[in-house]
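Chemist: Next comes the structure file model.txt, holding compact mmCIF, C-alpha atoms and all ligand atoms.
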# COMPACT_ATOMS: atom_id res chain seq x y z
CA MET A 1 -11.67 17.59 3.44
CA ILE A 2 -14.55 18.53 5.67
CA ILE A 3 -13.66 20.19 8.97
CA PRO A 4 -16.61 20.18 11.39
CA LYS A 5 -17.16 22.88 14.01
CA GLU A 6 -17.32 20.30 16.82
CA PRO A 7 -14.57 17.65 17.34
CA LYS A 8 -16.65 15.20 15.29
CA LEU A 9 -19.88 14.83 13.34
CA THR A 10 -22.84 13.08 14.92
CA PRO A 11 -24.08 9.94 13.09
CA ALA A 12 -27.04 11.94 11.72
CA GLN A 13 -24.77 14.72 10.45
CA LEU A 14 -22.43 12.18 8.86
CA ALA A 15 -25.37 10.52 7.13
CA GLU A 16 -26.50 13.89 5.77
CA VAL A 17 -23.03 14.67 4.39
CA GLU A 18 -22.76 11.18 2.92
CA ALA A 19 -26.10 11.60 1.16
CA ILE A 20 -24.83 14.78 -0.51
CA VAL A 21 -21.47 13.41 -1.72
CA THR A 22 -23.05 10.19 -3.00
CA GLU A 23 -24.96 12.28 -5.53
CA TYR A 24 -21.57 13.29 -6.96
CA ASN A 25 -20.13 9.75 -6.91
CA CYS A 26 -17.92 10.52 -3.91
CA VAL A 27 -17.64 8.82 -0.53
CA ILE A 28 -16.72 10.07 2.92
CA GLN A 29 -13.81 8.58 4.86
CA PRO A 30 -13.69 9.68 8.50
CA ILE A 31 -10.13 10.21 9.75
CA VAL A 32 -10.23 9.85 13.52
CA GLY A 33 -7.55 11.85 15.32
CA ALA A 34 -6.84 11.84 19.05
CA LYS A 35 -8.61 15.16 19.58
CA ARG A 36 -10.78 15.68 16.49
CA SER A 37 -12.02 13.93 13.40
CA ILE A 38 -11.96 15.23 9.87
CA TYR A 39 -13.77 13.80 6.88
CA ALA A 40 -12.02 13.19 3.58
CA ILE A 41 -14.10 13.31 0.41
CA LEU A 42 -12.86 10.45 -1.73
CA GLY A 43 -13.51 10.82 -5.44
CA ASP A 44 -13.50 13.97 -7.51
CA GLU A 45 -14.05 16.55 -4.76
CA ARG A 46 -14.02 19.55 -7.07
CA HIS A 47 -17.78 19.73 -7.76
CA GLU A 48 -18.60 23.31 -6.88
CA THR A 49 -22.26 22.67 -6.05
CA MET A 50 -21.36 19.72 -3.82
CA ILE A 51 -18.85 21.85 -1.89
CA ASN A 52 -21.33 24.71 -1.58
CA ARG A 53 -24.04 22.41 -0.27
CA ILE A 54 -21.64 21.04 2.38
CA LEU A 55 -20.53 24.55 3.30
CA GLY A 56 -24.19 25.42 3.80
CA LEU A 57 -24.53 22.90 6.66
CA GLU A 58 -24.45 24.75 9.96
CA TYR A 59 -22.19 22.18 11.65
CA VAL A 60 -19.46 22.44 9.00
CA ASP A 61 -16.65 24.88 9.73
CA ARG A 62 -14.95 24.69 6.33
CA VAL A 63 -14.01 22.47 3.41
CA ASP A 64 -10.27 22.43 2.64
CA GLN A 65 -9.26 21.63 -0.89
CA ILE A 66 -5.54 20.95 -0.80
CA ASP A 67 -3.86 20.75 -4.16
CA SER A 68 -1.41 17.99 -3.32
CA PRO A 69 -1.01 14.39 -4.43
CA TYR A 70 -1.10 13.49 -0.72
CA ARG A 71 -3.64 15.85 0.66
CA LEU A 72 -3.94 14.24 4.10
CA MET A 73 -0.20 13.89 4.69
CA ASP A 74 0.48 17.37 3.27
CA ILE A 75 1.89 19.89 5.72
CA HIS A 76 -1.11 22.15 5.02
CA SER A 77 -3.64 19.44 5.88
CA GLU A 78 -5.87 19.88 8.91
CA LEU A 79 -4.18 16.77 10.32
CA ALA A 80 -1.12 18.95 10.98
CA SER A 81 -2.93 20.36 14.02
CA GLY A 82 -3.22 16.91 15.63
CA GLU A 83 -0.94 15.61 18.35
CA LEU A 84 0.35 12.09 18.68
CA THR A 85 1.34 10.75 22.10
CA LEU A 86 3.02 7.34 22.34
CA GLY A 87 4.61 5.73 25.36
CA GLY A 88 4.14 8.99 27.27
CA VAL A 89 5.93 11.03 24.61
CA THR A 90 4.16 13.71 22.60
CA LEU A 91 5.92 13.68 19.25
CA GLY A 92 7.77 16.90 18.57
CA LYS A 93 7.94 17.83 22.26
CA GLU A 94 10.61 15.30 23.20
CA PRO A 95 12.46 12.53 21.34
CA LEU A 96 10.87 9.09 21.07
CA PHE A 97 13.03 6.03 21.68
CA ILE A 98 11.86 2.67 20.35
CA ALA A 99 14.13 -0.30 21.00
CA GLY A 100 14.13 -4.06 21.19
CA HIS A 101 14.87 -7.29 19.41
CA CYS A 102 15.04 -7.62 15.65
CA THR A 103 13.57 -11.06 16.10
CA ILE A 104 12.02 -12.59 19.21
CA ASP A 105 13.32 -16.09 19.84
CA PRO A 106 10.21 -18.08 20.82
CA LYS A 107 12.42 -20.67 22.52
CA GLN A 108 14.00 -18.12 24.84
CA PRO A 109 11.31 -15.76 26.11
CA ASN A 110 13.49 -14.60 28.99
CA LEU A 111 15.84 -12.88 26.60
CA LEU A 112 13.04 -10.53 25.57
CA TYR A 113 11.77 -10.08 29.13
CA GLU A 114 15.26 -9.18 30.36
CA THR A 115 15.88 -6.89 27.40
CA ALA A 116 12.54 -5.17 27.95
CA GLU A 117 13.21 -4.53 31.65
CA ALA A 118 16.69 -3.22 30.90
CA LEU A 119 15.46 -1.02 28.06
CA LYS A 120 12.75 0.46 30.19
CA GLU A 121 15.34 1.33 32.77
CA ALA A 122 17.54 2.77 29.99
CA GLY A 123 14.80 5.19 28.94
CA ALA A 124 13.08 3.44 26.02
CA HIS A 125 9.45 4.40 25.45
CA ILE A 126 8.31 1.58 23.17
CA LEU A 127 9.46 -2.03 22.91
CA ARG A 128 9.99 -3.48 19.45
CA GLY A 129 10.16 -7.18 18.68
CA GLY A 130 9.91 -9.06 15.40
CA VAL A 131 7.33 -11.85 15.48
CA TRP A 132 7.13 -12.62 11.74
CA LYS A 133 10.14 -11.71 9.63
CA PRO A 134 10.52 -10.92 5.94
CA ARG A 135 13.44 -13.20 5.05
CA THR A 136 15.29 -13.36 1.76
CA MET A 137 15.56 -17.14 1.94
CA PRO A 138 12.45 -19.27 2.40
CA TYR A 139 14.45 -21.71 4.54
CA SER A 140 15.51 -19.08 7.10
CA TYR A 141 13.52 -18.64 10.31
CA GLN A 142 10.23 -16.97 9.28
CA GLY A 143 8.70 -16.23 12.67
CA ASP A 144 6.36 -17.88 15.10
CA GLN A 145 3.03 -16.79 16.53
CA LYS A 146 4.25 -17.78 19.99
CA ALA A 147 6.58 -14.78 19.82
CA LEU A 148 3.52 -12.51 19.83
CA GLU A 149 2.48 -13.94 23.20
CA ILE A 150 5.98 -13.28 24.51
CA LEU A 151 5.85 -9.68 23.27
CA VAL A 152 2.46 -9.16 24.91
CA GLU A 153 3.82 -10.64 28.15
CA ALA A 154 6.82 -8.26 27.97
CA ARG A 155 4.33 -5.37 27.73
CA ALA A 156 2.47 -6.67 30.78
CA ARG A 157 5.72 -6.95 32.76
CA THR A 158 7.13 -3.54 31.87
CA GLY A 159 4.16 -1.39 30.87
CA LEU A 160 5.99 -0.50 27.65
CA PRO A 161 3.79 -0.25 24.52
CA ILE A 162 4.79 -2.78 21.85
CA ASN A 163 5.60 -2.68 18.14
CA THR A 164 5.85 -5.50 15.62
CA GLU A 165 5.86 -5.92 11.85
CA VAL A 166 2.83 -7.25 10.01
CA MET A 167 3.02 -8.67 6.49
CA ASP A 168 -0.42 -10.09 5.77
CA ASP A 169 -4.09 -10.20 6.77
CA ASP A 170 -3.78 -13.14 9.17
CA GLN A 171 -0.98 -11.44 11.07
CA LEU A 172 -2.95 -8.19 11.09
CA LYS A 173 -5.91 -9.90 12.72
CA LEU A 174 -3.70 -11.52 15.36
CA VAL A 175 -1.98 -8.29 16.35
CA MET A 176 -5.27 -6.37 16.48
CA ASP A 177 -6.68 -9.10 18.76
CA ALA A 178 -3.58 -8.59 20.92
CA LYS A 179 -4.30 -4.81 21.02
CA ILE A 180 -0.92 -4.00 19.54
CA ASP A 181 0.20 -0.41 20.19
CA MET A 182 2.19 0.08 16.99
CA ILE A 183 2.24 -1.83 13.72
CA GLN A 184 5.37 -1.74 11.62
CA ILE A 185 5.17 -1.91 7.85
CA GLY A 186 8.55 -3.09 6.65
CA ALA A 187 10.70 -1.76 3.83
CA ARG A 188 9.72 -4.65 1.56
CA ASN A 189 6.01 -3.89 1.97
CA ALA A 190 6.28 -0.09 1.87
CA VAL A 191 4.55 0.01 -1.51
CA ASN A 192 2.20 -2.93 -0.96
CA TYR A 193 -0.78 -0.65 -1.38
CA SER A 194 -3.46 -3.18 -0.56
CA LEU A 195 -1.67 -4.01 2.72
CA LEU A 196 -1.28 -0.31 3.52
CA ARG A 197 -5.00 0.20 2.94
CA LYS A 198 -5.96 -2.81 5.05
CA ILE A 199 -3.75 -1.75 7.94
CA GLY A 200 -5.14 1.80 7.77
CA ALA A 201 -8.69 0.47 7.81
CA ALA A 202 -8.10 -2.11 10.59
CA THR A 203 -6.54 0.54 12.85
CA ALA A 204 -8.96 3.38 11.98
CA GLY A 205 -10.52 4.80 15.10
CA THR A 206 -8.10 2.91 17.39
CA LYS A 207 -5.04 4.21 19.23
CA THR A 208 -2.77 1.89 17.24
CA ALA A 209 0.01 3.80 15.50
CA VAL A 210 1.62 2.73 12.22
CA LEU A 211 5.37 2.95 11.64
CA LEU A 212 5.92 3.01 7.88
CA LYS A 213 9.44 2.17 6.75
CA ARG A 214 10.86 3.76 3.62
CA GLY A 215 11.10 1.34 0.68
CA ARG A 216 14.44 -0.36 0.04
CA PRO A 217 14.98 1.06 -3.45
CA MET A 218 15.57 4.82 -3.39
CA ALA A 219 11.89 5.63 -2.94
CA PRO A 220 11.51 9.36 -3.71
CA VAL A 221 10.06 11.65 -1.02
CA ASP A 222 6.73 11.89 -2.84
CA GLU A 223 6.42 8.11 -3.18
CA PHE A 224 7.09 7.70 0.55
CA LEU A 225 4.41 10.26 1.41
CA ALA A 226 1.95 8.78 -1.07
CA ALA A 227 2.38 5.38 0.62
CA ALA A 228 1.60 7.00 3.99
CA GLU A 229 -1.43 8.66 2.38
CA TYR A 230 -2.92 5.19 1.80
CA ILE A 231 -2.93 4.58 5.55
CA ALA A 232 -4.37 8.00 6.36
CA ALA A 233 -6.99 7.77 3.62
CA ALA A 234 -8.11 4.44 5.05
CA GLY A 235 -8.81 6.19 8.34
CA ASN A 236 -5.71 6.20 10.56
CA PRO A 237 -3.70 9.43 10.94
CA ASN A 238 -1.40 8.01 13.65
CA ILE A 239 1.49 7.56 11.24
CA LEU A 240 5.23 7.71 11.78
CA LEU A 241 7.62 7.77 8.82
CA CYS A 242 10.74 5.65 9.17
CA PRO A 243 13.78 6.11 6.94
CA ARG A 244 15.87 2.93 7.30
CA GLY A 245 18.50 3.16 4.59
CA THR A 246 18.06 2.43 0.91
CA LEU A 247 19.68 0.28 -1.76
CA PRO A 248 22.22 0.19 -3.30
CA SER A 249 24.27 0.24 -0.14
CA ILE A 250 27.49 2.06 0.67
CA ASP A 251 30.33 -0.44 0.78
CA GLY A 252 30.65 -1.44 4.43
CA TYR A 253 27.15 -0.37 5.44
CA ARG A 254 24.15 -2.65 5.06
CA ASN A 255 22.25 0.07 3.17
CA HIS A 256 22.72 3.65 2.09
CA PRO A 257 21.96 5.65 5.27
CA ASP A 258 19.16 8.11 4.44
CA GLU A 259 18.54 10.00 7.68
CA CYS A 260 19.14 13.28 5.79
CA ILE A 261 15.73 12.78 4.13
CA THR A 262 14.12 13.98 7.37
CA GLN A 263 14.72 17.64 6.53
CA LEU A 264 13.00 17.22 3.16
CA LEU A 265 10.07 15.32 4.68
CA LYS A 266 9.59 18.00 7.32
CA GLU A 267 9.02 20.63 4.64
CA LYS A 268 6.25 18.58 3.06
CA THR A 269 4.47 16.75 5.87
CA TRP A 270 3.37 17.13 9.46
CA ALA A 271 4.07 13.45 10.23
CA ALA A 272 6.71 12.48 12.76
CA VAL A 273 9.93 11.00 11.40
CA VAL A 274 11.48 8.20 13.44
CA VAL A 275 14.73 6.97 11.92
CA ASP A 276 15.93 3.35 12.01
CA PRO A 277 19.75 3.56 12.15
CA SER A 278 20.14 -0.19 12.79
CA HIS A 279 19.05 -1.27 9.31
CA SER A 280 20.79 1.70 7.70
CA VAL A 281 24.27 0.75 8.83
CA GLY A 282 23.76 -2.88 9.84
CA ARG A 283 26.59 -3.16 12.36
CA ALA A 284 26.28 -2.52 16.10
CA ARG A 285 29.47 -0.45 16.21
CA TYR A 286 28.15 2.04 13.64
CA VAL A 287 24.71 2.44 15.22
CA PRO A 288 25.50 5.12 17.88
CA GLY A 289 26.98 7.48 15.28
CA ALA A 290 23.96 6.93 13.04
CA VAL A 291 21.57 7.67 15.93
CA LEU A 292 23.27 11.00 16.62
CA ALA A 293 23.29 11.82 12.90
CA ALA A 294 19.56 11.08 12.69
CA MET A 295 18.92 13.48 15.54
CA SER A 296 21.03 16.20 13.99
CA TYR A 297 18.96 15.95 10.80
CA GLY A 298 15.84 16.65 12.85
CA ALA A 299 14.37 13.20 13.56
CA ASP A 300 11.58 13.03 16.13
CA GLY A 301 12.98 9.77 17.42
CA VAL A 302 14.78 6.57 16.56
CA VAL A 303 14.02 2.86 16.50
CA VAL A 304 17.07 0.75 17.33
CA GLU A 305 17.60 -2.96 17.59
CA SER A 306 18.74 -3.80 21.09
CA HIS A 307 19.36 -7.09 22.86
CA ILE A 308 20.54 -7.96 26.36
CA ASN A 309 22.93 -10.51 24.87
CA PRO A 310 23.26 -9.95 21.11
CA SER A 311 25.35 -13.04 20.42
CA HIS A 312 22.47 -15.17 21.77
CA GLY A 313 19.94 -13.45 19.54
CA ILE A 314 18.52 -14.50 16.18
CA GLY A 315 17.75 -12.60 12.97
CA ASP A 316 19.77 -9.36 12.81
CA ASP A 317 20.43 -9.23 16.54
CA PRO A 318 23.90 -10.83 16.67
CA LYS A 319 25.30 -8.39 14.13
CA GLN A 320 23.46 -5.13 14.64
CA SER A 321 21.83 -5.01 18.07
CA ILE A 322 23.32 -2.73 20.69
CA THR A 323 22.90 -3.59 24.36
CA PRO A 324 20.51 -1.76 26.69
CA ASP A 325 23.62 -0.49 28.51
CA VAL A 326 24.76 1.27 25.36
CA CYS A 327 21.20 2.54 24.85
CA ARG A 328 21.17 4.17 28.29
CA GLN A 329 24.06 6.49 27.47
CA LEU A 330 23.04 6.87 23.83
CA PHE A 331 19.51 8.02 24.66
CA VAL A 332 20.93 10.72 26.95
CA ASP A 333 23.30 11.91 24.23
CA ALA A 334 20.65 11.63 21.50
CA ARG A 335 18.34 13.79 23.59
CA MET A 336 21.09 16.41 23.82
CA VAL A 337 21.56 16.43 20.04
CA TRP A 338 17.78 16.59 19.60
CA GLU A 339 17.67 19.68 21.85
CA LEU A 340 20.59 21.22 19.99
CA ARG A 341 18.93 20.59 16.65
CA ARG A 342 15.74 22.31 17.75
CA LYS A 343 17.55 25.64 17.74
CA TYR A 344 17.74 25.38 13.97
CA ASN A 345 14.16 24.27 13.33
CA ALA A 346 12.65 27.74 12.95
CA PRO A 347 14.32 28.68 9.65
CA LEU A 348 13.19 25.35 8.15
CA ALA A 349 9.57 26.14 8.83
CA GLY A 350 9.85 29.43 6.92
C1 LIG B 1 13.22 -5.02 10.92
O1 LIG B 1 12.80 -3.96 11.44
O2 LIG B 1 13.73 -5.95 11.56
C2 LIG B 1 13.17 -5.11 9.45
C3 LIG B 1 13.10 -6.27 8.81
O3 LIG B 1 13.21 -3.91 8.89
P1 LIG B 1 13.14 -3.45 7.35
O4 LIG B 1 11.75 -3.70 6.89
O5 LIG B 1 13.47 -1.98 7.42
O6 LIG B 1 14.17 -4.23 6.60
MN MN B 2 16.05 -6.45 11.84
Is it possible to express this structure as structure tokens?
Modeler:
Amino acid sequence: MIIPKEPKLTPAQLAEVEAIVTEYNCVIQPIVGAKRSIYAILGDERHETMINRILGLEYVDRVDQIDSPYRLMDIHSELASGELTLGGVTLGKEPLFIAGHCTIDPKQPNLLYETAEALKEAGAHILRGGVWKPRTMPYSYQGDQKALEILVEARARTGLPINTEVMDDDQLKLVMDAKIDMIQIGARNAVNYSLLRKIGAATAGTKTAVLLKRGRPMAPVDEFLAAAEYIAAAGNPNILLCPRGTLPSIDGYRNHPDECITQLLKEKTWAAVVVDPSHSVGRARYVPGAVLAAMSYGADGVVVESHINPSHGIGDDPKQSITPDVCRQLFVDARMVWELRRKYNAPLAG
């Protein structure tokens, strides 16, 4: 990992570095952060002469060689010094609240517009809304491109940044054309490495953040971080990790709530953890408790399904969406738990 003295290399400097690493069958991948860029050496970066030649360049501050299977996501990576600000929230400085429909109903755009206005008023920072949905049955509603237009319109009306899930290249192109603020990679695609790479590459150098859900089977911590590494290594460090419950489920809950993984992630990575309690527990009445639990385990934020009128929603909304009214109180209480939890953060860092 090459750390330049200035916030980024000039094109001529980059070309010079590239010429050196090519001799050793390596390539350079710029990782563009909000404040500075760093340059990953992809390939076998242990050639001593190659490293020494790079260190000899006057514009290079240092070359970090992190012994980790996920060297960009690792807590000791230079990326740890970056800051991510979304919807006016700098992660780690205050809790991030993402909320909105599981699934946007393209026939009833007003439901999203009303939800978005009410959520904004309730204190949400980012609006979520499913355009295309990963459905178990091929005959269930699969999504509709028109829903993307509705989501974009909701952003225009409220000023809230927007998040939606992408499952393939065509969808990726459409959301990038729409200047999406956050792309969600769902639990079913969490280990779809070619998709992770493509999303990382398509969003490299943009402000678009990527919310990576944890895989549905009990994906170990290292597997979760390695999946995130694909996105970072393709050029985008604006990554949020999203535990959302795993399978097999606890009887009565939709999944096995896994918000406690946050403490383990925080010891290994600098990335923000934004928990999805809605898919963990799968019932609206259990969601508030799961939100508070997520905060007490040290989450940087939550993403909850919320609908102005859940029984008129589609997808998961009728069963697991909470109303913006509930969100208003819940966000206040979640913020209190987040503050309370911060008192105990110091020992974890040690
Ligand atoms: C969703 O967010 O609506 C969704 C389908 O989530 P997951 O990928 O976690 O199941
Ligand atoms: Mn859902």
Chemist: Could you jot down the CA of Arg46 (chain A) to CA of Val191 (chain A) separation for me, Å, one decimal place?
Modeler: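 Taking CA of Arg46 (chain A) and CA of Val191 (chain A), their separation equals 27.5 Å.
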Chemist: Can you tell me which residues come within 8 Å of ligand MN 2 (chain B) when counting only C-alpha atoms and all ligand atoms, ideally as a ChimeraX atom specification?
Modeler: /A:101-103,130,278-279,305,315-317
Chemist: Name the residues in contact with Leu265 (chain A) at a cut-off of 7 Å, using all atoms listed in the file, excluding same-chain residues fewer than 4 positions from it; report them as a list in words.
Modeler: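 Counting all atoms listed in the file, the residues come to Val221, Ile261 and Thr269 of chain A.
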Chemist: Rank A:Ile250, A:Val166, A:Val60, A:Ala272 by their smallest atom-to-atom distance to ligand LIG 1 (chain B), using only C-alpha atoms and all ligand atoms, and report the top residue only.
Modeler: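 Among the listed residues, A:Val166 lies closest to ligand LIG 1 (chain B).
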Chemist: Counting all atoms listed in the file, what are the residues, protein, DNA or RNA alike, that approach ligand LIG 1 (chain B) to within 10 Å? I want them as a ChimeraX atom specification.
Modeler: /A:100-103,128-135,163-165,184-190,212-216,242-246,255,276-280,303-305,315-317
